[in-house]
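Dumped protein_14.txt below, it's compact mmCIF, C-alpha atoms and all ligand atoms:
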# COMPACT_ATOMS: atom_id res chain seq x y z
CA MET A 25 0.00 0.00 0.00
CA SER A 26 1.12 3.52 -0.64
CA TYR A 27 -0.26 7.03 -0.47
CA GLU A 28 -3.36 7.29 -2.68
CA PRO A 29 -4.33 10.61 -4.26
CA THR A 30 -8.01 11.45 -4.05
CA ILE A 31 -10.29 13.87 -5.80
CA GLU A 32 -11.79 14.51 -2.36
CA ARG A 33 -8.56 16.02 -0.98
CA LEU A 34 -9.56 19.70 -1.08
CA PRO A 35 -13.15 19.19 0.15
CA ASN A 36 -11.73 16.93 2.89
CA PHE A 37 -9.32 19.62 3.94
CA LEU A 38 -12.04 22.29 4.01
CA ARG A 39 -14.36 20.04 6.01
CA TYR A 40 -11.60 19.33 8.54
CA VAL A 41 -10.55 22.96 9.02
CA ASN A 42 -14.17 23.96 9.35
CA LYS A 43 -14.96 21.31 11.92
CA VAL A 44 -11.84 21.77 14.04
CA TYR A 45 -10.97 25.43 13.46
CA ARG A 46 -14.42 26.80 12.53
CA PHE A 47 -13.13 28.07 9.22
CA SER A 48 -16.55 29.18 7.95
CA HIS A 49 -16.64 31.63 10.89
CA THR A 50 -13.27 32.95 9.76
CA ILE A 51 -14.66 33.51 6.27
CA ASP A 52 -17.84 35.14 7.65
CA SER A 53 -15.87 37.52 9.86
CA MET A 54 -14.06 39.26 6.97
CA GLN A 55 -14.85 42.91 6.34
CA ASP A 56 -14.12 45.43 3.65
CA ARG A 57 -13.50 49.01 4.79
CA ARG A 58 -15.56 50.36 1.90
CA ALA A 59 -19.29 50.76 2.47
CA ASP A 60 -20.34 49.35 -0.86
CA THR A 61 -18.62 46.69 -2.94
CA ASP A 62 -19.51 44.41 -5.83
CA VAL A 63 -17.71 41.42 -4.43
CA SER A 64 -17.82 40.82 -0.67
CA ALA A 65 -14.76 40.65 1.58
CA GLN A 66 -15.73 37.00 2.29
CA THR A 67 -15.44 36.10 -1.40
CA ILE A 68 -12.19 38.03 -1.83
CA PHE A 69 -10.70 36.34 1.26
CA MET A 70 -11.71 32.82 0.22
CA SER A 71 -10.51 33.30 -3.37
CA VAL A 72 -7.12 34.58 -2.21
CA PHE A 73 -6.91 31.84 0.44
CA LEU A 74 -7.38 29.19 -2.26
CA CYS A 75 -4.88 30.96 -4.54
CA LEU A 76 -2.23 30.81 -1.79
CA LEU A 77 -3.10 27.35 -0.47
CA LEU A 78 -2.90 25.88 -3.98
CA ARG A 79 0.19 27.99 -4.78
CA LEU A 80 -1.39 29.38 -7.95
CA GLY A 81 1.40 31.96 -8.04
CA SER A 82 -0.49 35.04 -9.24
CA ILE A 83 -3.74 36.93 -8.91
CA ARG A 84 -4.02 36.84 -12.71
CA GLN A 85 -4.10 33.04 -12.54
CA LEU A 86 -6.64 33.27 -9.72
CA ALA A 87 -8.84 35.52 -11.92
CA LYS A 88 -8.65 32.96 -14.75
CA ASP A 89 -9.82 30.22 -12.40
CA VAL A 90 -12.62 32.47 -11.19
CA ASP A 91 -13.63 33.01 -14.80
CA ALA A 92 -13.62 29.28 -15.48
CA GLY A 93 -15.84 28.71 -12.44
CA LYS A 94 -13.26 26.62 -10.57
CA ILE A 95 -13.12 28.86 -7.49
CA ARG A 96 -16.90 29.20 -7.36
CA LYS A 97 -17.26 25.50 -6.47
CA PHE A 98 -15.53 26.10 -3.13
CA LEU A 99 -17.13 29.38 -2.09
CA PRO A 100 -19.70 29.20 0.72
CA ARG A 101 -21.80 31.82 -1.07
CA VAL A 102 -21.47 33.32 -4.52
CA ASP A 103 -22.16 37.03 -4.66
CA LYS A 104 -20.82 37.46 -8.17
CA GLU A 105 -20.19 34.74 -10.73
CA THR A 106 -16.98 36.18 -12.10
CA TYR A 107 -14.66 39.00 -11.21
CA CYS A 108 -11.31 40.18 -12.50
CA ALA A 109 -7.80 40.61 -11.09
CA ASN A 110 -8.53 44.29 -10.36
CA THR A 111 -11.51 43.38 -8.18
CA VAL A 112 -9.30 41.07 -6.11
CA GLY A 113 -6.55 43.74 -5.88
CA ASN A 114 -9.02 46.42 -4.76
CA GLY A 115 -10.56 44.04 -2.26
CA LEU A 116 -7.13 43.34 -0.73
CA GLU A 117 -6.34 47.06 -0.52
CA ASN A 118 -9.43 47.50 1.64
CA ILE A 119 -9.72 44.29 3.65
CA ASP A 120 -9.51 44.77 7.44
CA THR A 121 -6.10 43.37 8.50
CA SER A 122 -6.87 43.48 12.23
CA ILE A 123 -9.55 40.84 11.60
CA LEU A 124 -7.06 38.75 9.59
CA GLN A 125 -4.56 38.88 12.45
CA ARG A 126 -7.21 37.79 14.99
CA GLN A 127 -8.30 34.92 12.75
CA LEU A 128 -4.68 33.84 12.22
CA ALA A 129 -4.49 33.31 16.00
CA ILE A 130 -7.17 30.58 15.95
CA VAL A 131 -4.91 27.67 14.93
CA PRO A 132 -2.07 28.35 17.43
CA LYS A 133 -4.58 28.87 20.27
CA LYS A 134 -6.44 25.67 19.44
CA LEU A 135 -3.21 23.63 19.19
CA ARG A 136 -2.23 24.88 22.63
CA ARG A 137 -5.64 23.98 24.08
CA ASN A 138 -5.41 20.54 22.49
CA LYS A 139 -2.06 19.97 24.20
CA ALA A 140 -0.12 19.78 20.94
CA TYR A 141 2.80 21.16 22.98
CA GLY A 142 2.30 18.64 25.78
CA SER A 143 1.33 19.31 29.36
CA ALA A 144 3.40 20.35 32.38
CA GLU A 145 3.86 16.65 33.29
CA HIS A 146 4.59 15.48 29.75
CA PRO A 147 6.15 18.36 27.87
CA ARG A 148 6.64 17.99 24.16
CA THR A 149 8.95 20.98 23.94
CA ILE A 150 12.60 21.50 24.82
CA GLY A 151 12.92 21.70 28.61
CA GLY A 152 9.11 21.96 28.87
CA PHE A 153 9.32 25.64 27.86
CA ARG A 154 6.98 27.65 25.70
CA ILE A 155 9.35 28.95 23.06
CA VAL A 156 8.72 31.32 20.17
CA ALA A 157 11.10 32.80 17.63
CA VAL A 158 11.13 36.13 15.85
CA ASP A 159 12.81 36.69 12.55
CA GLY A 160 12.95 39.67 10.26
CA THR A 161 12.88 38.98 6.56
CA GLU A 162 12.49 40.78 3.28
CA ASN A 163 9.18 39.78 1.74
CA PHE A 164 9.63 41.43 -1.59
CA ARG A 165 11.76 43.71 -3.67
CA SER A 166 11.06 45.73 -6.79
CA GLU A 167 13.37 47.70 -9.05
CA SER A 168 10.66 49.93 -10.46
CA ILE A 169 7.44 50.18 -8.48
CA CYS A 170 7.22 51.76 -5.04
CA CYS A 171 4.46 52.58 -2.55
CA PRO A 172 4.42 54.79 0.58
CA GLU A 173 5.58 51.88 2.76
CA CYS A 174 8.50 50.85 0.56
CA MET A 175 11.98 51.25 1.94
CA GLU A 176 14.72 52.30 -0.41
CA VAL A 177 17.81 50.12 -0.55
CA HIS A 178 20.88 51.16 -2.50
CA VAL A 179 22.40 48.37 -4.55
CA LYS A 180 25.77 48.60 -6.22
CA VAL A 181 25.66 47.78 -9.93
CA LYS A 182 28.28 47.92 -12.69
CA ASP A 183 27.71 51.57 -13.56
CA GLY A 184 26.94 53.08 -10.16
CA VAL A 185 24.22 52.68 -7.57
CA LYS A 186 20.64 51.62 -8.19
CA ILE A 187 17.62 52.02 -5.90
CA ASN A 188 15.56 48.96 -5.02
CA TYR A 189 12.19 49.19 -3.26
CA VAL A 190 11.81 46.70 -0.46
CA HIS A 191 9.21 45.50 2.05
CA LYS A 192 10.35 43.83 5.24
CA ILE A 193 8.39 42.00 7.88
CA VAL A 194 9.10 40.56 11.34
CA ILE A 195 7.42 37.21 11.95
CA MET A 196 6.78 35.38 15.22
CA TYR A 197 6.40 31.58 15.17
CA VAL A 198 6.37 28.64 17.56
CA VAL A 199 9.56 26.58 17.85
CA GLY A 200 11.01 23.93 20.09
CA ARG A 201 8.54 21.08 19.69
CA LEU A 202 10.28 17.76 19.86
CA HIS A 203 8.37 15.82 17.22
CA PRO A 204 10.15 15.75 13.86
CA SER A 205 6.99 16.71 11.98
CA ALA A 206 6.14 19.58 14.33
CA VAL A 207 4.58 22.53 12.56
CA GLN A 208 6.32 25.84 13.13
CA VAL A 209 2.99 27.61 13.48
CA ILE A 210 3.05 31.30 12.52
CA LEU A 211 1.67 33.46 15.33
CA GLY A 212 1.75 36.88 13.70
CA ALA A 213 3.73 39.44 11.79
CA GLU A 214 4.50 43.14 11.84
CA PRO A 215 5.78 45.20 8.91
CA THR A 216 8.95 47.25 9.28
CA TYR A 217 8.15 50.83 8.24
CA PRO A 218 10.23 53.52 6.63
CA LYS A 219 10.96 56.17 9.22
CA ASP A 220 9.10 59.46 9.04
CA VAL A 221 11.06 61.96 7.07
CA ILE A 222 12.20 64.71 9.40
CA SER A 223 12.78 67.97 7.57
CA GLY A 224 16.35 68.40 6.51
CA GLU A 225 17.18 64.75 7.16
CA GLU A 226 17.27 61.84 4.80
CA SER A 227 14.50 59.31 5.12
CA GLY A 228 15.58 56.02 6.65
CA HIS A 229 14.16 52.72 7.87
CA GLU A 230 13.07 51.97 11.36
CA GLY A 231 15.15 49.16 12.81
CA GLU A 232 13.94 45.58 12.73
CA SER A 233 13.92 45.57 16.53
CA THR A 234 11.42 48.47 16.62
CA ALA A 235 9.00 46.37 14.57
CA ALA A 236 9.85 43.32 16.72
CA LYS A 237 8.98 45.21 19.92
CA ARG A 238 5.62 46.21 18.48
CA LEU A 239 5.06 42.60 17.42
CA VAL A 240 5.88 41.17 20.87
CA GLY A 241 3.44 43.64 22.47
CA ASN A 242 0.70 42.82 19.96
CA MET A 243 1.22 39.07 20.32
CA ILE A 244 0.95 39.22 24.14
CA ALA A 245 -2.27 41.22 23.77
CA LEU A 246 -3.65 38.68 21.28
CA TYR A 247 -2.53 35.36 22.82
CA GLY A 248 -2.21 36.27 26.51
CA ASN A 249 0.90 36.74 28.59
CA GLY A 250 1.44 33.02 29.31
CA PHE A 251 1.63 31.98 25.66
CA PHE A 252 5.43 32.02 25.68
CA ASP A 253 8.27 32.10 28.22
CA ILE A 254 11.28 32.34 25.95
CA LEU A 255 11.98 34.30 22.81
CA THR A 256 14.78 32.98 20.63
CA THR A 257 16.37 35.14 17.96
CA ASP A 258 19.36 35.57 15.75
CA ALA A 259 22.36 37.69 16.78
CA TYR A 260 20.75 40.99 15.75
CA TYR A 261 18.71 41.09 18.99
CA SER A 262 21.54 40.37 21.45
CA THR A 263 21.57 43.96 22.70
CA LYS A 264 21.02 45.66 26.05
CA PRO A 265 17.88 47.59 24.98
CA PHE A 266 16.18 44.44 23.67
CA VAL A 267 17.16 42.38 26.74
CA LEU A 268 15.78 45.13 29.02
CA PHE A 269 12.59 45.32 26.95
CA LEU A 270 11.92 41.56 27.26
CA ASP A 271 12.87 41.53 30.93
CA SER A 272 10.31 44.27 31.63
CA LEU A 273 7.67 41.87 30.22
CA GLY A 274 8.95 38.94 32.33
CA LYS A 275 10.28 37.08 29.26
CA TYR A 276 13.65 35.45 28.64
CA LEU A 277 15.91 35.85 25.63
CA VAL A 278 18.05 33.08 24.12
CA SER A 279 19.99 34.30 21.12
CA ARG A 280 23.12 33.82 19.08
CA VAL A 281 26.10 36.14 19.36
CA LYS A 282 27.95 36.76 16.11
CA ASP A 283 29.40 40.24 15.87
CA ALA A 284 33.08 39.97 16.84
CA ARG A 285 33.30 43.77 17.37
CA THR A 286 30.86 43.82 20.32
CA THR A 287 31.88 43.71 23.99
CA LEU A 288 29.44 40.83 24.43
CA TYR A 289 31.28 38.70 21.87
CA LYS A 290 34.75 39.63 23.15
CA GLU A 291 33.83 38.90 26.77
CA ILE A 292 32.44 35.45 25.94
CA GLU A 293 35.57 34.62 23.92
CA THR A 294 37.95 35.84 26.67
CA LEU A 295 36.12 34.38 29.65
CA SER A 296 35.53 31.00 27.99
CA CYS A 297 39.31 30.38 28.25
CA MET A 298 38.98 30.49 32.04
CA VAL A 299 36.21 27.90 32.55
CA GLU A 300 36.13 24.14 32.19
CA PRO A 301 33.76 22.99 29.44
CA ILE A 302 31.04 20.43 29.97
CA TYR A 303 30.84 17.52 27.55
CA VAL A 304 27.53 16.31 26.09
CA ASP A 305 27.02 13.45 23.65
CA ASP A 306 23.61 13.75 22.00
CA ARG A 307 23.48 10.20 20.60
CA GLU A 308 20.07 10.59 18.99
CA ASN A 309 21.19 13.47 16.78
CA ARG A 310 24.81 12.28 16.64
CA VAL A 311 26.32 15.48 17.92
CA GLU A 312 29.05 15.80 20.54
CA SER A 313 29.42 19.17 22.16
CA LEU A 314 31.79 21.00 24.44
CA ILE A 315 30.04 23.89 26.16
CA TYR A 316 31.88 26.68 27.96
CA GLU A 317 29.42 28.47 30.20
CA ILE A 318 30.09 31.97 31.54
CA PRO A 319 27.76 32.77 34.43
CA GLU A 320 27.01 36.34 35.49
CA LEU A 321 28.11 37.83 32.20
CA HIS A 322 25.92 40.86 32.93
CA ALA A 323 28.39 42.03 35.57
CA VAL A 324 31.11 42.73 32.99
CA LEU A 325 28.61 44.08 30.45
CA ASP A 326 26.93 46.51 32.81
CA TRP A 327 23.55 45.03 31.91
CA ASP A 328 20.94 45.02 34.66
CA VAL A 329 19.52 41.63 33.71
CA PRO A 330 21.20 38.34 34.74
CA THR A 331 22.80 36.94 31.60
CA ARG A 332 24.89 33.88 30.83
CA GLY A 333 27.21 33.50 27.86
CA PHE A 334 28.15 30.28 26.07
CA LYS A 335 30.79 29.14 23.66
CA ILE A 336 29.78 25.88 22.02
CA ILE A 337 31.88 23.53 19.91
CA GLU A 338 29.80 20.90 18.15
CA LYS A 339 31.08 17.85 16.31
CA THR A 340 28.70 15.91 14.13
CA TYR A 341 29.51 12.24 13.60
CA ASN A 342 28.46 9.00 11.94
CA ILE A 343 28.90 5.52 13.32
CA VAL A 344 30.97 3.32 11.00
CA SER A 345 31.58 -0.27 12.14
CA GLY A 346 30.93 0.71 15.73
CA GLU A 347 33.36 3.66 15.64
CA LYS A 348 32.61 7.38 15.59
CA VAL A 349 33.65 9.12 12.40
CA TYR A 350 33.51 12.91 12.74
CA ILE A 351 31.98 14.74 9.78
CA LYS A 352 31.92 18.38 10.72
CA GLU A 353 32.96 20.74 13.52
CA GLU A 354 31.28 24.06 14.25
CA THR A 355 31.88 26.71 16.91
CA PHE A 356 29.32 29.34 17.85
CA LEU A 357 28.53 31.75 20.67
CA CYS A 358 25.19 32.46 22.29
CA MET A 359 23.63 34.14 25.31
CA ALA A 360 20.65 33.53 27.57
CA THR A 361 18.85 35.56 30.20
CA LEU A 362 17.21 32.31 31.31
CA PRO A 363 18.55 31.43 34.79
CA GLY A 364 20.70 28.33 35.29
CA GLU A 365 18.18 26.85 37.77
CA LEU A 366 15.63 26.68 34.94
CA ALA A 367 17.83 25.52 32.08
CA ASP A 368 21.28 23.99 31.98
CA ALA A 369 23.79 24.73 29.24
CA ASP A 370 22.64 21.87 27.03
CA ILE A 371 19.00 23.03 27.13
CA VAL A 372 20.20 26.48 26.01
CA ARG A 373 22.14 24.83 23.16
CA GLN A 374 18.99 22.98 22.07
CA ILE A 375 16.88 26.15 22.21
CA VAL A 376 19.35 27.93 19.93
CA HIS A 377 19.03 25.03 17.51
CA ALA A 378 15.23 25.09 17.64
CA LYS A 379 15.27 28.02 15.27
CA TRP A 380 18.56 27.62 13.52
CA GLY A 381 19.58 24.64 11.42
CA VAL A 382 16.19 22.91 11.53
CA GLU A 383 15.02 21.25 8.37
CA ASN A 384 11.43 22.45 8.50
CA ASN A 385 12.23 26.11 9.18
CA ALA A 386 9.01 28.07 8.68
CA ILE A 387 10.45 31.06 6.84
CA LYS A 388 12.59 29.00 4.49
CA ASP A 389 9.53 26.87 3.72
CA LEU A 390 7.39 29.95 3.05
CA LYS A 391 10.00 31.34 0.67
CA ASP A 392 10.83 28.10 -1.12
CA ASN A 393 7.38 26.54 -1.39
CA TRP A 394 4.71 29.18 -0.77
CA TYR A 395 5.74 32.19 -2.92
CA MET A 396 6.20 34.43 0.14
CA GLU A 397 8.48 36.82 -1.74
CA HIS A 398 6.21 37.04 -4.75
CA ASN A 399 4.70 40.42 -5.50
CA PHE A 400 1.02 39.49 -5.84
CA HIS A 401 -0.31 43.03 -5.48
CA HIS A 402 1.86 45.97 -4.44
CA HIS A 403 0.03 48.18 -1.95
CA PRO A 404 0.65 48.67 1.82
CA ASN A 405 -2.61 47.07 3.03
CA ALA A 406 -2.77 44.42 0.29
CA THR A 407 0.83 43.31 0.84
CA TYR A 408 0.28 42.81 4.58
CA ALA A 409 -3.15 41.17 4.07
CA LEU A 410 -1.68 38.71 1.57
CA LEU A 411 0.99 37.66 4.07
CA LEU A 412 -1.56 37.14 6.85
CA ILE A 413 -3.76 35.01 4.55
CA LEU A 414 -0.66 33.09 3.44
CA PHE A 415 0.21 32.32 7.09
CA MET A 416 -3.34 31.08 7.67
CA ALA A 417 -3.06 28.76 4.66
CA HIS A 418 0.34 27.54 5.90
CA ASN A 419 -0.88 26.86 9.46
CA LEU A 420 -4.07 25.09 8.34
CA PHE A 421 -2.29 23.01 5.68
CA TYR A 422 0.22 21.61 8.19
CA ALA A 423 -2.39 21.20 10.93
CA TYR A 424 -4.37 19.07 8.44
CA VAL A 425 -1.37 17.03 7.24
CA PHE A 426 0.25 16.38 10.62
CA ARG A 427 -2.79 16.12 12.84
CA HIS A 428 -5.48 14.64 10.61
CA LEU A 429 -4.18 12.95 7.46
CA LYS A 430 -3.87 9.25 8.33
CA SER A 431 -2.18 8.40 5.04
CA TYR A 432 0.57 10.88 5.92
CA ARG A 433 1.31 9.04 9.17
CA LEU A 434 1.24 5.69 7.38
CA TYR A 435 3.11 6.39 4.15
CA GLN A 436 4.98 9.69 4.72
CA PRO A 437 4.39 11.14 1.24
CA THR A 438 6.36 14.32 0.47
CA MET A 439 4.71 17.72 0.92
CA LYS A 440 5.07 18.22 -2.83
CA ARG A 441 2.97 15.11 -3.42
CA ILE A 442 0.24 16.32 -1.07
CA LYS A 443 0.31 19.79 -2.66
CA GLU A 444 -0.18 18.21 -6.11
CA ASP A 445 -3.04 16.19 -4.72
CA PHE A 446 -4.73 19.41 -3.51
CA MET A 447 -4.29 20.94 -6.97
CA SER A 448 -5.62 17.95 -8.84
CA SER A 449 -8.64 17.79 -6.53
CA PHE A 450 -9.25 21.51 -7.15
CA LEU A 451 -9.15 21.02 -10.93
CA HIS A 452 -11.20 17.84 -11.17
CA TRP A 453 -13.85 18.33 -8.48
CA LYS A 454 -17.02 18.82 -10.48
CA TRP A 455 -19.65 19.78 -7.96
CA ARG A 456 -20.38 22.74 -5.83
CA MET A 457 -19.17 21.80 -2.43
CA SER A 458 -21.81 21.68 0.25
CA TRP A 459 -20.94 23.90 3.18
CA THR A 460 -24.20 23.16 4.98
CA ASN A 461 -23.01 19.85 6.45
CA PHE A 462 -19.81 21.41 7.66
CA ASP A 463 -20.65 21.60 11.31
CA GLY A 464 -21.57 17.92 11.40
CA PRO A 465 -19.86 15.29 13.51
ZN ZN B 1 5.84 49.20 -1.40

Spit out the file's structure as structure tokens when you get a sec.
Amino acid sequence: MSYEPTIERLPNFLRYVNKVYRFSHTIDSMQDRRADTDVSAQTIFMSVFLCLLLRLGSIRQLAKDVDAGKIRKFLPRVDKETYCANTVGNGLENIDTSILQRQLAIVPKKLRRNKAYGSAEHPRTIGGFRIVAVDGTENFRSESICCPECMEVHVKVKDGVKINYVHKIVIMYVVGRLHPSAVQVILGAEPTYPKDVISGEESGHEGESTAAKRLVGNMIALYGNGFFDILTTDAYYSTKPFVLFLDSLGKYLVSRVKDARTTLYKEIETLSCMVEPIYVDDRENRVESLIYEIPELHAVLDWDVPTRGFKIIEKTYNIVSGEKVYIKEETFLCMATLPGELADADIVRQIVHAKWGVENNAIKDLKDNWYMEHNFHHHPNATYALLLILFMAHNLFYAYVFRHLKSYRLYQPTMKRIKEDFMSSFLHWKWRMSWTNFDGP
């Protein structure tokens, strides 16, 4: 037996997400900021959701499928038989993004309630902690078109300097679950804005950490203060202001340290020569590590928050005829404001890895397989709305595959295979799908 494609795949998915995550309520809740529109916000949302879920790749393609009646089969209600790419673009420019953000929160909240992250007695996360990551990323770049929220980036070319127009976003997602197929559920996102132009000064960009601070505040308001204990980040956030900001919220930071010019980096390097390392052999992942831990690093940094520094040397190995054969050696530095009583050095090492070096990294997946950097429709509200709908499609797709699809557990088909199955079901399904039986058992 092997994985069997089915024409029912897309209706099955929609039935599941409706039953478990009340998806028809999500559709119903959508609103357009204009008083009067030809095509409702519900129809625009559902059309774009299908476009992103099925990775159609462009709104033009979506409009063609609308024209051919393919989308209509999966709409709960049809307010207009056909509509064009412009209608979808205008709808996205006016859709209420605060509703999209609230609806995006439904899957992560439900997974938490359903103990997808384990319980206090049986944690399914590293050290039993609730860990989230933030990451800033460019979500698209244009050489010609710009909007009021574009940031200008100067790029060196053969004959001088060229301006590129860029949008950046900071994303928060769940990490640290121990199961190999764990979904890195996206919790929310916040755009990075160009700074206000002050007269006489050049316009600039606000820093990624300014957007990240807004995001952390918004996420606590949306999910509740207990939703996470630890934030893990790349080296960009290993700064005193960011550590103080998180500490004021009662949260811990675990992050990498990379910039050799900073006092933080130099102190970890110098002090690591004075401590004895601990040795850990992680047999399951075939990694040996030597960890030099520097307690009370904050004293030399003049930070007011207890901080530990770590220098970690990792050796990856294979077992050949009962002997270890080393494949690769890597050295990196990191820091944690998490106290030693709560997490030993090896837990810190694992938390750093929860975001970095994992195969199913959410942002890499979104870029490689979900067209995240594609310019579907360039406009401040539309760009942000598209990302939020994309994250919903991503979360629901993986929730369906990992938590519902029996044939995935049995036969482990690739994601590409399942994606193709969705597409073929979309193309060949001949009937209008019934949404009336959705709330059934
Ligand atoms: Zn723009």

Exercise. Could you tell me how far atom CA of A:Ala206 lies from atom CA of A:Thr30, in Å and to one decimal?
Key: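 Pair atom CA of A:Ala206 / atom CA of A:Thr30 returns 24.6 Å.
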
Exercise. Could you pull out the residues sitting within 9 Å of ligand ZN 1 (chain B), using all atoms listed in the file, and write them as a list in words?
Key: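 The neighbouring residues of ligand ZN 1 (chain B) are, in order, Phe164, Arg165, Ser166, Ile169, Cys170, Cys171, Pro172, Glu173, Cys174, Met175, Tyr189, Val190, His191, His402, His403, Pro404 and Thr407 of chain A.
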
Quiz item: Which residue, A:Thr121, A:Val112, A:Met416, A:Leu77, has the smallest gap to A:Met54 when you use all atoms listed in the file?
Solution: A:Thr121

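Minimum atom-to-atom distances from A:Arg307, A:His178, A:Arg332, A:Lys430 to A:Asp368 were compared using only C-alpha atoms, and the lowest value belongs to A:Arg332.
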
Quiz item: Between atom CA of A:Leu255 and atom CA of A:Val194, what is the spacing in Å?
Solution: 13.4 Å

Quiz item: Got a sec: who's within 6 Å of A:Ile336, counting only C-alpha atoms, leaving out chain neighbours fewer than 3 positions off, as a list in words?
Solution: Leu314, Ile315, Thr355 and Phe356 of chain A

Quiz item: From the set A:Asn399, A:Asn249, A:Thr161, A:Gln66, which residue has the shortest atom-to-atom contact distance to A:Ile119, counting all atoms listed in the file?
Solution: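 Using all atoms listed in the file, A:Ile119 sits closest to A:Gln66.
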
Edge lengths and centre in Å, axis-aligned, stretch 289-299 of chain A plus 8 Å each side, as AutoDock Vina command-line options:
--center_x 35.3 --center_y 33.8 --center_z 27.2 --size_x 24.0 --size_y 27.7 --size_z 26.7

Quiz prompt | stretch 145-160 of chain A environment, 10 Å, all atoms listed in the file, sequence neighbours closer than 5 positions dropped, as a PyMOL selection string | solution = chain A and resi 139-140+192-203+206+208-216+232-233+235-236+239-240+250-258+260-261+276-279+366-368+370-372+374-376+378-380+387

Quiz item: So which residues touch stretch 99-111 of chain A within 10 Å, counting only C-alpha atoms, skipping near sequence neighbours fewer than 6 positions away, as a VMD selection string?
Solution: chain A and resid 48 51 to 52 61 to 64 66 to 68 70 to 71 74 82 to 93 117 401 456 to 460

Output of the above residues as a PDB file, keeping the file's coordinate frame, restricted to C-alpha atoms:
ATOM      1  CA  SER A  48     -16.550  29.180   7.950  1.00  0.00           C
ATOM      2  CA  ILE A  51     -14.660  33.510   6.270  1.00  0.00           C
ATOM      3  CA  ASP A  52     -17.840  35.140   7.650  1.00  0.00           C
ATOM      4  CA  THR A  61     -18.620  46.690  -2.940  1.00  0.00           C
ATOM      5  CA  ASP A  62     -19.510  44.410  -5.830  1.00  0.00           C
ATOM      6  CA  VAL A  63     -17.710  41.420  -4.430  1.00  0.00           C
ATOM      7  CA  SER A  64     -17.820  40.820  -0.670  1.00  0.00           C
ATOM      8  CA  GLN A  66     -15.730  37.000   2.290  1.00  0.00           C
ATOM      9  CA  THR A  67     -15.440  36.100  -1.400  1.00  0.00           C
ATOM     10  CA  ILE A  68     -12.190  38.030  -1.830  1.00  0.00           C
ATOM     11  CA  MET A  70     -11.710  32.820   0.220  1.00  0.00           C
ATOM     12  CA  SER A  71     -10.510  33.300  -3.370  1.00  0.00           C
ATOM     13  CA  LEU A  74      -7.380  29.190  -2.260  1.00  0.00           C
ATOM     14  CA  SER A  82      -0.490  35.040  -9.240  1.00  0.00           C
ATOM     15  CA  ILE A  83      -3.740  36.930  -8.910  1.00  0.00           C
ATOM     16  CA  ARG A  84      -4.020  36.840 -12.710  1.00  0.00           C
ATOM     17  CA  GLN A  85      -4.100  33.040 -12.540  1.00  0.00           C
ATOM     18  CA  LEU A  86      -6.640  33.270  -9.720  1.00  0.00           C
ATOM     19  CA  ALA A  87      -8.840  35.520 -11.920  1.00  0.00           C
ATOM     20  CA  LYS A  88      -8.650  32.960 -14.750  1.00  0.00           C
ATOM     21  CA  ASP A  89      -9.820  30.220 -12.400  1.00  0.00           C
ATOM     22  CA  VAL A  90     -12.620  32.470 -11.190  1.00  0.00           C
ATOM     23  CA  ASP A  91     -13.630  33.010 -14.800  1.00  0.00           C
ATOM     24  CA  ALA A  92     -13.620  29.280 -15.480  1.00  0.00           C
ATOM     25  CA  GLY A  93     -15.840  28.710 -12.440  1.00  0.00           C
ATOM     26  CA  GLU A 117      -6.340  47.060  -0.520  1.00  0.00           C
ATOM     27  CA  HIS A 401      -0.310  43.030  -5.480  1.00  0.00           C
ATOM     28  CA  ARG A 456     -20.380  22.740  -5.830  1.00  0.00           C
ATOM     29  CA  MET A 457     -19.170  21.800  -2.430  1.00  0.00           C
ATOM     30  CA  SER A 458     -21.810  21.680   0.250  1.00  0.00           C
ATOM     31  CA  TRP A 459     -20.940  23.900   3.180  1.00  0.00           C
ATOM     32  CA  THR A 460     -24.200  23.160   4.980  1.00  0.00           C
TER      33      THR A 460
END

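The space between atom CA of A:Phe446 and atom CA of A:Ala129 spans 24.0 Å.
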
Rebuild N, CA and C atoms on stretch 247-253 of chain A, as a PDB file, keeping the file's coordinate frame?
ATOM      1  N   TYR A 247      -2.578  36.755  22.345  1.00  0.00           N
ATOM      2  CA  TYR A 247      -2.530  35.360  22.820  1.00  0.00           C
ATOM      3  C   TYR A 247      -2.544  35.232  24.343  1.00  0.00           C
ATOM      4  N   GLY A 248      -2.311  36.337  25.046  1.00  0.00           N
ATOM      5  CA  GLY A 248      -2.210  36.270  26.510  1.00  0.00           C
ATOM      6  C   GLY A 248      -0.763  36.167  26.927  1.00  0.00           C
ATOM      7  N   ASN A 249      -0.481  36.623  28.141  1.00  0.00           N
ATOM      8  CA  ASN A 249       0.900  36.740  28.590  1.00  0.00           C
ATOM      9  C   ASN A 249       1.588  35.381  28.757  1.00  0.00           C
ATOM     10  N   GLY A 250       0.818  34.328  29.042  1.00  0.00           N
ATOM     11  CA  GLY A 250       1.440  33.020  29.310  1.00  0.00           C
ATOM     12  C   GLY A 250       1.738  32.219  28.058  1.00  0.00           C
ATOM     13  N   PHE A 251       1.485  32.785  26.876  1.00  0.00           N
ATOM     14  CA  PHE A 251       1.630  31.980  25.660  1.00  0.00           C
ATOM     15  C   PHE A 251       3.077  31.585  25.384  1.00  0.00           C
ATOM     16  N   PHE A 252       4.022  32.408  25.831  1.00  0.00           N
ATOM     17  CA  PHE A 252       5.430  32.020  25.680  1.00  0.00           C
ATOM     18  C   PHE A 252       6.259  32.495  26.864  1.00  0.00           C
ATOM     19  N   ASP A 253       7.336  31.736  27.156  1.00  0.00           N
ATOM     20  CA  ASP A 253       8.270  32.100  28.220  1.00  0.00           C
ATOM     21  C   ASP A 253       9.554  32.648  27.636  1.00  0.00           C
TER      22      ASP A 253
END
